[in-house]
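target-v3.json follows (JSON, C-alpha atoms):
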```json
[["chain", "number", "residue", "atom", "x", "y", "z"],
["A", 28, "MET", "CA", -14.95, 11.95, 17.43],
["A", 29, "LEU", "CA", -17.85, 9.80, 16.31],
["A", 30, "ASN", "CA", -20.14, 8.11, 18.77],
["A", 31, "VAL", "CA", -21.90, 4.77, 18.38],
["A", 32, "ASN", "CA", -25.22, 6.40, 17.41],
["A", 33, "GLU", "CA", -23.54, 8.23, 14.52],
["A", 34, "LEU", "CA", -21.92, 5.06, 13.23],
["A", 35, "LYS", "CA", -24.99, 3.71, 11.43],
["A", 36, "ASN", "CA", -25.48, 6.94, 9.50],
["A", 37, "TYR", "CA", -21.80, 7.72, 8.93],
["A", 38, "GLN", "CA", -21.16, 10.35, 6.31],
["A", 39, "PRO", "CA", -17.58, 10.91, 5.13],
["A", 40, "ALA", "CA", -16.06, 14.37, 5.17],
["A", 41, "LYS", "CA", -17.43, 16.92, 2.70],
["A", 42, "ASP", "CA", -16.79, 16.06, -0.97],
["A", 43, "VAL", "CA", -15.48, 12.58, -0.12],
["A", 44, "VAL", "CA", -16.95, 9.72, -2.12],
["A", 45, "TYR", "CA", -15.66, 6.23, -1.50],
["A", 46, "PRO", "CA", -15.88, 3.78, -4.40],
["A", 47, "GLN", "CA", -18.61, 1.18, -3.82],
["A", 48, "THR", "CA", -16.05, -1.62, -3.94],
["A", 49, "ALA", "CA", -14.57, -4.03, -1.41],
["A", 50, "LEU", "CA", -11.51, -1.80, -0.96],
["A", 51, "GLY", "CA", -13.52, 1.43, -0.80],
["A", 52, "ASN", "CA", -15.90, -0.05, 1.77],
["A", 53, "SER", "CA", -13.05, -1.47, 3.87],
["A", 54, "LEU", "CA", -11.20, 1.84, 3.96],
["A", 55, "LYS", "CA", -14.42, 3.63, 4.86],
["A", 56, "GLN", "CA", -14.89, 1.24, 7.80],
["A", 57, "ILE", "CA", -11.32, 1.86, 8.92],
["A", 58, "ALA", "CA", -11.90, 5.62, 8.71],
["A", 59, "VAL", "CA", -14.94, 5.22, 10.96],
["A", 60, "LEU", "CA", -12.90, 3.33, 13.57],
["A", 61, "ILE", "CA", -10.16, 5.97, 13.47],
["A", 62, "LYS", "CA", -12.68, 8.77, 13.90],
["A", 63, "MET", "CA", -14.34, 6.91, 16.77],
["A", 64, "GLN", "CA", -10.94, 6.92, 18.50],
["A", 65, "VAL", "CA", -11.27, 3.32, 19.64],
["A", 66, "GLY", "CA", -7.49, 2.94, 19.96],
["A", 67, "LEU", "CA", -6.97, 1.33, 16.57],
["A", 68, "GLU", "CA", -3.26, 0.86, 15.96],
["A", 69, "LEU", "CA", -3.22, -1.35, 12.89],
["A", 70, "ALA", "CA", -5.78, -2.13, 10.21],
["A", 71, "PHE", "CA", -5.77, -4.18, 7.03],
["A", 72, "ALA", "CA", -7.77, -3.88, 3.82],
["A", 73, "GLU", "CA", -7.51, -6.19, 0.84],
["A", 74, "SER", "CA", -7.83, -5.44, -2.85],
["A", 75, "GLY", "CA", -8.18, -8.54, -5.01],
["A", 76, "GLY", "CA", -8.25, -9.25, -8.71],
["A", 77, "TRP", "CA", -4.69, -8.22, -9.55],
["A", 78, "ASP", "CA", -3.61, -11.62, -10.86],
["A", 79, "THR", "CA", -4.16, -10.69, -14.49],
["A", 80, "HIS", "CA", -2.22, -12.44, -17.21],
["A", 81, "VAL", "CA", -4.02, -11.06, -20.27],
["A", 82, "ASN", "CA", -4.92, -7.66, -21.69],
["A", 83, "GLN", "CA", -3.29, -5.54, -19.00],
["A", 84, "GLY", "CA", -3.94, -2.19, -20.61],
["A", 85, "THR", "CA", -3.67, 0.97, -18.55],
["A", 86, "THR", "CA", -6.96, 2.46, -19.79],
["A", 87, "ASN", "CA", -9.24, -0.58, -20.28],
["A", 88, "GLY", "CA", -9.66, -3.98, -18.66],
["A", 89, "ALA", "CA", -9.27, -5.45, -15.19],
["A", 90, "PHE", "CA", -5.87, -3.93, -14.50],
["A", 91, "ALA", "CA", -7.07, -0.41, -15.33],
["A", 92, "ARG", "CA", -10.21, -0.88, -13.21],
["A", 93, "ASN", "CA", -8.11, -2.11, -10.29],
["A", 94, "LEU", "CA", -5.75, 0.86, -10.55],
["A", 95, "LYS", "CA", -8.67, 3.30, -10.58],
["A", 96, "ASP", "CA", -10.29, 1.62, -7.58],
["A", 97, "PHE", "CA", -6.98, 1.55, -5.73],
["A", 98, "SER", "CA", -6.22, 5.23, -6.32],
["A", 99, "ASP", "CA", -9.80, 6.46, -5.78],
["A", 100, "SER", "CA", -10.19, 4.43, -2.57],
["A", 101, "ILE", "CA", -6.93, 5.65, -1.04],
["A", 102, "ALA", "CA", -7.61, 9.24, -2.11],
["A", 103, "ALA", "CA", -11.08, 9.14, -0.49],
["A", 104, "PHE", "CA", -9.68, 7.57, 2.68],
["A", 105, "TRP", "CA", -6.92, 10.13, 2.99],
["A", 106, "LYS", "CA", -9.23, 13.08, 2.35],
["A", 107, "ASP", "CA", -11.80, 11.68, 4.79],
["A", 108, "LEU", "CA", -9.11, 11.54, 7.49],
["A", 109, "SER", "CA", -8.03, 15.15, 7.06],
["A", 110, "ALA", "CA", -8.08, 15.93, 10.80],
["A", 111, "TYR", "CA", -6.39, 12.60, 11.63],
["A", 112, "GLN", "CA", -3.69, 12.49, 8.96],
["A", 113, "ASP", "CA", -0.87, 13.19, 11.43],
["A", 114, "GLU", "CA", -1.81, 9.98, 13.25],
["A", 115, "VAL", "CA", -2.07, 7.68, 10.21],
["A", 116, "THR", "CA", 0.44, 6.00, 7.92],
["A", 117, "VAL", "CA", -0.81, 3.99, 4.93],
["A", 118, "MET", "CA", 1.28, 1.20, 3.43],
["A", 119, "THR", "CA", 0.37, -0.81, 0.37],
["A", 120, "MET", "CA", 2.04, -3.90, -1.02],
["A", 121, "THR", "CA", 1.46, -7.06, -2.99],
["A", 122, "GLU", "CA", 2.68, -10.57, -2.38],
["A", 123, "PHE", "CA", 4.06, -11.00, -5.89],
["A", 124, "GLY", "CA", 5.50, -8.91, -8.67],
["A", 125, "ARG", "CA", 4.93, -9.07, -12.39],
["A", 126, "THR", "CA", 7.35, -9.74, -15.21],
["A", 127, "ALA", "CA", 8.87, -6.70, -16.87],
["A", 128, "HIS", "CA", 7.85, -7.74, -20.37],
["A", 129, "GLN", "CA", 4.49, -8.80, -21.77],
["A", 130, "ASN", "CA", 3.64, -12.39, -22.43],
["A", 131, "GLY", "CA", 1.99, -13.56, -25.66],
["A", 132, "THR", "CA", -1.53, -12.56, -24.53],
["A", 133, "GLY", "CA", -0.81, -8.90, -23.73],
["A", 134, "GLY", "CA", -0.37, -9.47, -20.01],
["A", 135, "THR", "CA", 2.40, -10.30, -17.61],
["A", 136, "ASP", "CA", 3.17, -13.29, -15.48],
["A", 137, "HIS", "CA", 4.24, -13.62, -11.84],
["A", 138, "GLY", "CA", 7.61, -12.06, -11.16],
["A", 139, "ARG", "CA", 10.01, -11.35, -8.33],
["A", 140, "ALA", "CA", 10.06, -7.63, -7.61],
["A", 141, "SER", "CA", 7.04, -5.45, -7.02],
["A", 142, "CYS", "CA", 6.29, -2.12, -5.49],
["A", 143, "LEU", "CA", 4.81, -0.78, -2.32],
["A", 144, "PHE", "CA", 3.69, 2.69, -1.37],
["A", 145, "VAL", "CA", 3.89, 4.50, 1.95],
["A", 146, "LEU", "CA", 1.67, 7.55, 2.55],
["A", 147, "GLY", "CA", 1.60, 9.80, 5.58],
["A", 148, "ASN", "CA", 2.54, 13.16, 6.97],
["A", 149, "ASP", "CA", 5.47, 11.53, 8.77],
["A", 150, "VAL", "CA", 6.87, 9.99, 5.57],
["A", 151, "LYS", "CA", 9.88, 11.51, 3.86],
["A", 152, "GLY", "CA", 7.95, 11.81, 0.61],
["A", 153, "GLY", "CA", 8.94, 12.07, -3.00],
["A", 154, "GLN", "CA", 11.42, 9.21, -2.89],
["A", 155, "VAL", "CA", 11.69, 6.05, -4.95],
["A", 156, "TYR", "CA", 13.87, 3.44, -3.28],
["A", 157, "GLN", "CA", 15.21, 1.06, -5.87],
["A", 158, "ASN", "CA", 18.38, -0.15, -7.51],
["A", 159, "ILE", "CA", 17.21, -1.16, -10.97],
["A", 160, "LYS", "CA", 19.73, -0.66, -13.78],
["A", 161, "SER", "CA", 17.28, -0.83, -16.67],
["A", 162, "LEU", "CA", 14.52, -2.91, -18.20],
["A", 163, "ALA", "CA", 16.94, -4.39, -20.72],
["A", 164, "LYS", "CA", 16.75, -8.18, -20.68],
["A", 165, "GLU", "CA", 20.39, -8.52, -19.65],
["A", 166, "ASP", "CA", 19.66, -6.50, -16.47],
["A", 167, "LEU", "CA", 16.66, -8.63, -15.45],
["A", 168, "GLU", "CA", 16.55, -11.80, -13.37],
["A", 169, "ASP", "CA", 16.16, -14.75, -15.76],
["A", 170, "ARG", "CA", 15.94, -12.08, -18.49],
["A", 171, "ARG", "CA", 12.34, -11.32, -17.49],
["A", 172, "ASP", "CA", 11.97, -10.24, -13.83],
["A", 173, "LEU", "CA", 12.90, -7.04, -12.09],
["A", 174, "PRO", "CA", 15.45, -7.92, -9.43],
["A", 175, "VAL", "CA", 14.38, -7.31, -5.83],
["A", 176, "SER", "CA", 16.36, -4.25, -4.71],
["A", 177, "THR", "CA", 14.55, -3.25, -1.50],
["A", 178, "ASP", "CA", 13.44, -5.80, 1.06],
["A", 179, "PHE", "CA", 9.87, -5.11, 2.23],
["A", 180, "ARG", "CA", 11.02, -5.88, 5.78],
["A", 181, "ALA", "CA", 13.28, -2.82, 5.65],
["A", 182, "VAL", "CA", 10.21, -0.67, 4.96],
["A", 183, "PHE", "CA", 7.92, -2.37, 7.48],
["A", 184, "SER", "CA", 10.59, -2.21, 10.20],
["A", 185, "ASN", "CA", 11.14, 1.51, 9.74],
["A", 186, "VAL", "CA", 7.42, 2.29, 9.76],
["A", 187, "ALA", "CA", 6.87, 0.12, 12.85],
["A", 188, "GLN", "CA", 9.76, 1.74, 14.69],
["A", 189, "SER", "CA", 8.84, 5.30, 13.76],
["A", 190, "HIS", "CA", 5.07, 5.31, 13.58],
["A", 191, "LEU", "CA", 4.18, 2.60, 16.11],
["A", 192, "LYS", "CA", 7.19, 3.36, 18.34],
["A", 193, "LEU", "CA", 8.32, -0.27, 18.23],
["A", 194, "GLN", "CA", 11.75, -0.31, 19.88],
["A", 195, "ASN", "CA", 12.98, -3.57, 18.40],
["A", 196, "SER", "CA", 11.72, -4.85, 15.06],
["A", 197, "LYS", "CA", 13.27, -8.30, 15.68],
["A", 198, "GLY", "CA", 9.85, -9.33, 16.98],
["A", 199, "LEU", "CA", 8.38, -8.66, 13.54],
["A", 200, "PHE", "CA", 11.05, -10.50, 11.57],
["A", 201, "PRO", "CA", 13.10, -12.69, 13.96],
["A", 202, "ASP", "CA", 15.41, -14.22, 11.31],
["A", 203, "TRP", "CA", 15.97, -11.02, 9.34],
["A", 204, "ASN", "CA", 19.33, -9.29, 9.79],
["A", 205, "GLY", "CA", 18.77, -6.37, 7.45],
["A", 206, "LYS", "CA", 18.67, -2.68, 8.26],
["A", 207, "PRO", "CA", 15.45, -0.63, 8.35],
["A", 208, "LEU", "CA", 15.10, 1.81, 5.48],
["A", 209, "ASP", "CA", 15.22, 5.46, 6.53],
["A", 210, "LEU", "CA", 11.93, 6.71, 5.08],
["A", 211, "MET", "CA", 10.13, 8.15, 8.10],
["A", 212, "ARG", "CA", 10.63, 11.47, 9.84],
["A", 213, "GLY", "CA", 11.49, 11.36, 13.52]]
```
What do you get writing this file as structure tokens?
Amino acid sequence: MLNVNELKNYQPAKDVVYPQTALGNSLKQIAVLIKMQVGLELAFAESGGWDTHVNQGTTNGAFARNLKDFSDSIAAFWKDLSAYQDEVTVMTMTEFGRTAHQNGTGGTDHGRASCLFVLGNDVKGGQVYQNIKSLAKEDLEDRRDLPVSTDFRAVFSNVAQSHLKLQNSKGLFPDWNGKPLDLMRG
């Protein structure tokens, strides 16, 4: 456990290097709070710059830089929390998806479906929850968007019930009548 005097000079666990980015710095701050054992139950970090409509290559450009920052930041955070991993669940999501096919400028436009990731020792890992037939235009919404096949509320509800021990997820989503997705152990 960290004390207040150690906070100013915080050093992550051995061999952990957080990216010097907004996301890396936010996750580092969250790691500090977890290690200080202040009773943190929920934290939020934001990663901006994903609204790219042009040149979305996977090795160069803004999209590639964002992916590298995203993966490096989460990897550093998870490694830094090695002794606390049983107490932490990480969820990622975005508020909008992207179209399945490129537009005329080598990018994609806003779409319906997206993805989210859940990481933790209490997660039933190695699963992809989706119901996508194919990327063929006839299987897409409006011939361009992936259809939404898993409601994010089903994921959030299951994590809240399992990890946070929330007995009734109706408080999270009062008008939602769906069923929580079974992705957590216990």
Nearest to Met28 of chain A, chosen from A:Leu54, A:Leu108, A:Val81, A:Val43, with all atoms listed in the file counted in the distances: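 Looking at the shortest contact to Met28 of chain A, the residue is A:Leu108.
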Find the residue from A:Met211, A:Val44, A:Leu94, A:Leu60 that sits nearest to Leu191 of chain A; use only C-alpha atoms when measuring. A:Met211
Tyr111 of chain A: which residues within 8 Å, counting all atoms listed in the file, same-chain residues fewer than 3 positions away excluded, as number ranges by chain? A: 61-62, 108, 114-115
Could you give me, as a count of residues only, the residues within 12 Å of segment 134-138 of chain A, counting only C-alpha atoms and dropping anything in the same chain fewer than 2 positions from it? 36
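When only C-alpha atoms are used to measure the gap to Gln188 of chain A, the shortest distance among A:Ala163, A:Asn158, A:Gln112, A:Pro207 belongs to A:Pro207.
A straight line drawn from atom CA of Phe183 of chain A to atom CA of Ser100 of chain A is 21.8 Å long.
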Near-Gly147 of chain A list (8 Å; only C-alpha atoms; drop same-chain fewer than 2 positions) as a PyMOL selection string: chain A and resi 112-113+115-117+145+149-150
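Of the listed residues (A:Ala58, A:Ala70, A:Leu162, A:Met120), A:Met120 comes nearest to Phe144 of chain A; the distances count only C-alpha atoms.
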Closest of A:Val59, A:Leu143, A:Ala102, A:Leu50 to Phe71 of chain A, counting all atoms listed in the file, is A:Leu50
Centre and edge lengths of an axis-aligned box around all listed atoms of segment 188-194 of chain A, with 8 Å added on each side, are to be given in Å to one decimal, as lines of an AutoDock Vina configuration file.
```
center_x = 8.0
center_y = 2.5
center_z = 16.7
size_x = 23.6
size_y = 21.6
size_z = 22.3
```
Report the distance between atom CA of Tyr156 of chain A and atom CA of Ser184 of chain A in Å, rounded to one decimal place.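 Result for atom CA of Tyr156 of chain A versus atom CA of Ser184 of chain A: 15.0 Å, one decimal.
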Work out how far atom CA of Asn36 of chain A is from atom CA of Phe104 of chain A, in Å to one decimal.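 So the two atoms, atom CA of Phe104 of chain A and atom CA of Asn36 of chain A, lie 17.2 Å apart.
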Set the distance at 8 Å and use only C-alpha atoms: which residues neighbour Leu210 of chain A once local chain neighbours fewer than 6 positions away are removed? I'd like the list as an mmCIF file with C-alpha atoms, in the frame of the given file.
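Listing of around.cif after writing:
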```cif
data_model
loop_
_atom_site.group_PDB
_atom_site.id
_atom_site.type_symbol
_atom_site.label_atom_id
_atom_site.label_comp_id
_atom_site.auth_asym_id
_atom_site.auth_seq_id
_atom_site.Cartn_x
_atom_site.Cartn_y
_atom_site.Cartn_z
ATOM 1 C CA VAL A 150 6.870 9.990 5.570
ATOM 2 C CA LYS A 151 9.880 11.510 3.860
ATOM 3 C CA GLY A 152 7.950 11.810 0.610
ATOM 4 C CA VAL A 182 10.210 -0.670 4.960
ATOM 5 C CA ASN A 185 11.140 1.510 9.740
ATOM 6 C CA VAL A 186 7.420 2.290 9.760
#
```
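Take the candidates A:Glu73, A:Asp96, A:Asp166, A:Asp178 and check each one against Trp203 of chain A using all atoms listed in the file; the shortest distance goes to A:Asp178.
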